[in-house]
Every structure is written in structure tokens, then in C-alpha cells.
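Pasted below: model-v9.txt, compact mmCIF, C-alpha atoms.
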```txt
# COMPACT_ATOMS: atom_id res chain seq x y z
CA MET P 1438 109.50 190.12 70.95
CA LYS P 1439 108.87 191.41 74.46
CA ARG P 1440 106.77 188.37 75.22
CA ILE P 1441 109.42 185.96 74.05
CA LEU P 1442 112.05 187.77 76.11
CA PHE P 1443 109.74 187.73 79.14
CA PHE P 1444 109.13 183.94 78.88
CA PHE P 1445 112.82 183.29 78.34
CA LEU P 1446 113.71 185.35 81.42
CA LEU P 1447 111.02 183.65 83.50
CA PHE P 1448 112.14 180.20 82.37
CA SER P 1449 115.82 180.87 83.09
CA VAL P 1450 115.10 182.21 86.60
CA GLY P 1451 112.91 179.18 87.39
CA TYR P 1452 115.48 176.80 85.96
CA GLY P 1453 118.27 178.37 88.01
CA TYR P 1454 116.24 178.13 91.21
CA ALA P 1455 115.41 174.47 90.58
CA GLN P 1456 119.09 173.65 90.26
CA ASN P 1457 119.88 175.20 93.66
CA TYR P 1458 116.91 173.71 95.54
CA PRO P 1459 118.17 170.99 97.94
CA LYS P 1460 116.85 167.52 97.20
CA TYR P 1461 117.12 166.23 100.79
CA THR P 1462 117.06 168.04 104.10
CA THR P 1463 119.56 165.73 105.82
CA LYS P 1464 123.21 165.22 105.07
CA ARG P 1465 122.99 161.42 105.25
CA VAL P 1466 120.55 160.59 102.49
CA LYS P 1467 121.45 156.92 102.48
CA ASP P 1468 120.44 156.47 106.16
CA THR P 1469 117.13 158.24 105.82
CA VAL P 1470 116.07 156.40 102.71
CA PHE P 1471 117.31 152.87 103.43
CA LYS P 1472 117.26 152.60 107.24
CA GLN P 1473 113.79 153.96 107.86
CA PRO P 1474 111.84 150.70 107.32
CA GLU P 1475 114.09 148.89 109.81
CA LYS P 1476 113.50 151.57 112.42
CA ILE P 1477 109.76 151.23 112.00
CA GLU P 1478 109.96 147.46 112.51
CA ASP P 1479 112.07 147.93 115.65
CA SER P 1480 109.53 150.32 117.13
CA LYS P 1481 106.74 147.79 116.53
CA GLU P 1482 108.63 145.19 118.54
CA LEU P 1483 109.02 147.57 121.48
CA LYS P 1484 105.33 148.46 121.61
CA LYS P 1485 103.92 144.97 122.02
CA GLU P 1486 100.77 144.97 124.10
CA PRO P 1487 100.37 142.42 126.87
CA THR P 1488 98.41 139.44 125.66
CA VAL P 1489 96.28 139.30 128.81
CA SER P 1490 94.86 142.23 130.73
CA PHE P 1491 94.96 142.74 134.49
CA LYS P 1492 91.21 142.20 134.78
CA GLU P 1493 91.40 138.87 132.97
CA LEU P 1494 94.27 137.66 135.17
CA TYR P 1495 92.44 138.81 138.30
CA ASP P 1496 89.29 136.94 137.28
CA ILE P 1497 91.25 133.77 136.45
CA ALA P 1498 93.11 133.86 139.77
CA THR P 1499 89.91 134.48 141.71
CA ASP P 1500 88.25 131.48 140.02
CA LEU P 1501 91.28 129.31 140.80
CA ASN P 1502 91.22 130.49 144.41
CA ARG P 1503 87.51 129.70 144.78
CA SER P 1504 87.96 126.24 143.29
CA GLY P 1505 90.75 125.39 145.76
CA ARG P 1506 93.64 125.46 143.27
CA TYR P 1507 95.75 127.72 145.46
CA GLU P 1508 99.20 127.14 143.94
CA GLU P 1509 97.92 128.03 140.48
CA ALA P 1510 96.07 131.03 141.90
CA ILE P 1511 99.28 132.29 143.52
CA ALA P 1512 101.09 132.12 140.17
CA VAL P 1513 98.33 134.03 138.38
CA TYR P 1514 98.02 136.61 141.20
CA THR P 1515 101.77 137.19 140.83
CA GLU P 1516 101.34 137.83 137.10
CA ALA P 1517 98.42 140.16 137.79
CA LEU P 1518 100.49 142.05 140.36
CA ALA P 1519 102.94 143.07 137.63
CA LEU P 1520 100.08 144.67 135.65
CA ALA P 1521 98.09 146.06 138.60
CA SER P 1522 97.65 149.75 139.19
CA PRO P 1523 98.82 151.01 142.62
CA ARG P 1524 95.20 151.06 143.83
CA TRP P 1525 94.78 147.32 143.25
CA LYS P 1526 98.14 146.01 144.46
CA TYR P 1527 97.13 145.67 148.11
CA LEU P 1528 94.11 143.54 147.20
CA ILE P 1529 96.10 141.22 144.94
CA MET P 1530 98.72 140.78 147.68
CA GLN P 1531 96.02 140.08 150.27
CA PHE P 1532 94.40 137.38 148.15
CA ARG P 1533 97.79 135.88 147.35
CA GLY P 1534 98.61 135.83 151.08
CA LEU P 1535 95.30 134.13 151.84
CA CYS P 1536 96.20 131.44 149.29
CA TYR P 1537 99.51 130.92 151.11
CA ASN P 1538 97.52 130.54 154.35
CA ARG P 1539 95.35 127.84 152.75
CA LEU P 1540 98.52 125.98 151.77
CA LYS P 1541 99.81 126.39 155.36
CA GLN P 1542 102.80 128.38 154.11
CA TYR P 1543 102.48 130.93 156.88
CA ASP P 1544 105.92 132.52 156.48
CA GLN P 1545 105.20 133.42 152.86
CA ALA P 1546 101.75 134.70 153.83
CA ILE P 1547 103.19 136.90 156.60
CA ASN P 1548 105.87 138.24 154.25
CA ASN P 1549 103.22 138.96 151.63
CA PHE P 1550 100.96 140.82 154.08
CA THR P 1551 103.89 142.76 155.54
CA ASP P 1552 105.08 143.79 152.08
CA ALA P 1553 101.59 144.99 151.22
CA LEU P 1554 101.28 146.96 154.47
CA GLU P 1555 104.63 148.66 153.92
CA ASN P 1556 104.54 149.33 150.18
CA CYS P 1557 100.94 149.68 148.98
CA GLU P 1558 98.50 152.53 149.00
CA PHE P 1559 95.06 151.88 150.42
CA PRO P 1560 91.70 153.35 149.38
CA ASN P 1561 90.56 153.52 153.03
CA ASP P 1562 91.55 152.57 156.57
CA ASN P 1563 89.34 149.48 156.60
CA ALA P 1564 91.38 147.95 153.75
CA LYS P 1565 94.56 148.40 155.76
CA GLY P 1566 92.82 146.94 158.81
CA GLN P 1567 91.83 143.86 156.81
CA LEU P 1568 95.48 143.23 155.99
CA TYR P 1569 96.43 143.54 159.67
CA CYS P 1570 93.68 141.06 160.50
CA SER P 1571 94.90 138.61 157.84
CA ARG P 1572 98.46 138.85 159.10
CA ALA P 1573 97.24 138.31 162.68
CA LEU P 1574 95.52 135.09 161.58
CA SER P 1575 98.75 133.91 159.96
CA TYR P 1576 100.68 134.58 163.16
CA GLY P 1577 98.04 132.68 165.14
CA TRP P 1578 98.17 129.64 162.88
CA ARG P 1579 101.96 129.59 162.67
CA GLY P 1580 102.30 129.49 166.47
CA MET P 1581 106.02 130.18 166.78
CA GLU P 1582 107.65 131.95 169.71
CA GLY P 1583 106.57 135.59 169.81
CA ASP P 1584 103.72 135.07 167.38
CA LEU P 1585 101.03 135.50 170.03
CA GLU P 1586 102.30 139.01 170.82
CA ARG P 1587 102.51 139.86 167.12
CA LYS P 1588 99.01 138.49 166.56
CA CYS P 1589 97.59 140.59 169.41
CA ALA P 1590 99.37 143.73 168.15
CA ASP P 1591 97.98 143.21 164.64
CA LEU P 1592 94.45 142.61 165.97
CA LYS P 1593 94.72 145.85 167.92
CA LYS P 1594 95.78 147.69 164.74
CA ALA P 1595 92.93 146.05 162.80
CA ARG P 1596 90.49 147.42 165.40
CA GLU P 1597 92.07 150.88 165.18
CA TYR P 1598 91.51 150.88 161.42
CA GLY P 1599 87.91 149.69 161.81
CA ALA P 1600 88.27 146.16 160.45
CA LEU P 1601 87.23 144.45 163.71
CA GLU P 1602 84.68 145.49 166.29
CA GLY P 1603 84.00 144.25 169.79
CA HIS P 1604 85.43 141.14 171.39
CA SER P 1605 85.87 138.06 169.26
CA ALA P 1606 87.31 134.56 169.42
CA LEU P 1607 90.34 135.87 167.55
CA ASP P 1608 91.43 137.62 170.75
CA THR P 1609 92.07 134.33 172.56
CA GLY P 1610 95.30 134.71 174.51
CA CYS P 1611 95.45 138.49 174.11
CA ASP P 1612 95.12 140.89 177.05
```
Would you kindly transcribe this structure into C-alpha cells?
Amino acid sequence: MKRILFFFLLFSVGYGYAQNYPKYTTKRVKDTVFKQPEKIEDSKELKKEPTVSFKELYDIATDLNRSGRYEEAIAVYTEALALASPRWKYLIMQFRGLCYNRLKQYDQAINNFTDALENCEFPNDNAKGQLYCSRALSYGWRGMEGDLERKCADLKKAREYGALEGHSALDTGCD
């Protein structure tokens, strides 16, 4: 009899606890059960990976540049610039500016070089000097009023950063 009473008592306590145990931990059961798959699909759409990597775009643009397809190279360099890490941005902008020079679009080249000089970080002084040298060439080819002074100032900066040494033909017209 004691055993039967013990099992009955154990069963009734367990049954009572099961009735009071909450089925769901949130108040809005409908939202958690039915809305969850939609939220998962939304998060997949937000996490789409770029279809092309920076390295691939850089290689494509470099090949286009070497083959003389400068307008196409500019477009691809612009796409690569959006994916580039801060360490690579100056180089992409320099190559894009050189493409503008090849197309004789000197204003765009100068703007590109100036933007890179003002907004990019450089791994060393020589890299910054190379941009000053490229901008100086653009000023020299453009040949507008005041460009000779700007060219000479940029060549001087390029020398300060170690990109140019000694006297060169680039200094024609400079003091």
C-alpha cells in the first residue's frame, strides 16, 4: 500500500508541474513560429557576397590598361576602388589617373591625383612622391596658365619624397 501511495503522490506532483510549465518563452508565439523563416530569408539577401573580388578586378583593369583599352580600364578601376582596402586605394587612383592621361583628359587625371594625395594613406614616402610626379606630368601636358608653376612645385615635392633624383628633362622651364 505504501508503494502505491508513493507512486500516486509522485505521479500527481509530476503531473501538476507539467501543467504549469510554460510552453513558449515569448508572449507572441505566432510571430516566433510563423515569422522566423521569413526573417532568415531576409538575412540571406543582406549578406550577399560580391561576385568579383578586388584582386580579380585589379587584374582585369591592369590587363585592359596594358592592352590600350583605357576607357574600359577606368571603369574597372572605379569598381575596384569601391572594394579596395585603404592601403590599395592610392595605387588604384594613380593607375586610373594614368589612364586619363593616356586619353588626354588631363583635368580628370589631375583631379584623380589630387584626390588620392588628399584622401589616401600611403605605405611609404616614395609612393606619395610618385603621385606628385604623375600630377606634375599632367600639369605639363595640359599647358594651361599657371600649370608650369604647379608642375614645378609638384616635381619639387616628388624629389622631397624621394621619387625623383638629380636633374631631369621633366624640369624644363622650372628654376
Ala1546 in chain P: which residues within 9 Å, counting only C-alpha atoms, same-chain residues fewer than 3 positions away excluded, as a list in words?
Gln1531, Arg1533, Gly1534, Leu1535, Cys1536, Tyr1537, Asn1538, Lys1541, Gln1542, Tyr1543, Asn1549, Phe1550, Thr1551, Ser1571, Arg1572 and Ser1575 of chain P
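Atom pair CA of Ala1564 in chain P / CA of Glu1582 in chain P has a distance of 27.8 Å (rounded to one decimal).
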Given the choices P:Ala1590, P:Gly1577, P:Ile1547, P:Glu1509, which gets closest to Leu1607 in chain P if the distance is worked out from all atoms listed in the file?
P:Gly1577
Leaving out Cys1611 in chain P and any residue of its chain fewer than 5 positions from it, which residues lie within 8 Å of it when counting all atoms listed in the file, given as a PDB file with C-alpha atoms, in the frame of the given file?
```pdb
ATOM      1  CA  LEU P1585     101.030 135.500 170.030  1.00  0.00           C
ATOM      2  CA  GLU P1586     102.300 139.010 170.820  1.00  0.00           C
ATOM      3  CA  CYS P1589      97.590 140.590 169.410  1.00  0.00           C
TER       4      CYS P1589
END
```
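A straight line drawn from CA of Asn1563 in chain P to CA of Asp1544 in chain P is 23.7 Å long.
Taking CA of Asp1612 in chain P and CA of Arg1587 in chain P as the two end points, the separation is 12.4 Å.
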Excluding Asn1561 in chain P and any residue of its chain fewer than 3 positions from it, enumerate the residues within 10 Å of it, using only C-alpha atoms, and give them as a PyMOL selection string.
chain P and resi 1558+1564-1566+1598-1599
Given all atoms listed in the file as the counted atoms, nearest of P:Tyr1507, P:Tyr1495, P:Phe1532, P:Tyr1576 to Ala1553 in chain P
P:Phe1532
Selected residue of minimal separation from Arg1503 in chain P among P:Asp1562, P:Arg1539, P:Glu1597, P:Gln1545, counting all atoms listed in the file:
P:Arg1539
Find the spatial neighbours of Lys1526 in chain P, counting all atoms listed in the file, within a cut-off of 7 Å - ignore same-chain residues fewer than 5 positions away - and output them as a VMD selection string.
chain P and resid 1518 1521 1557
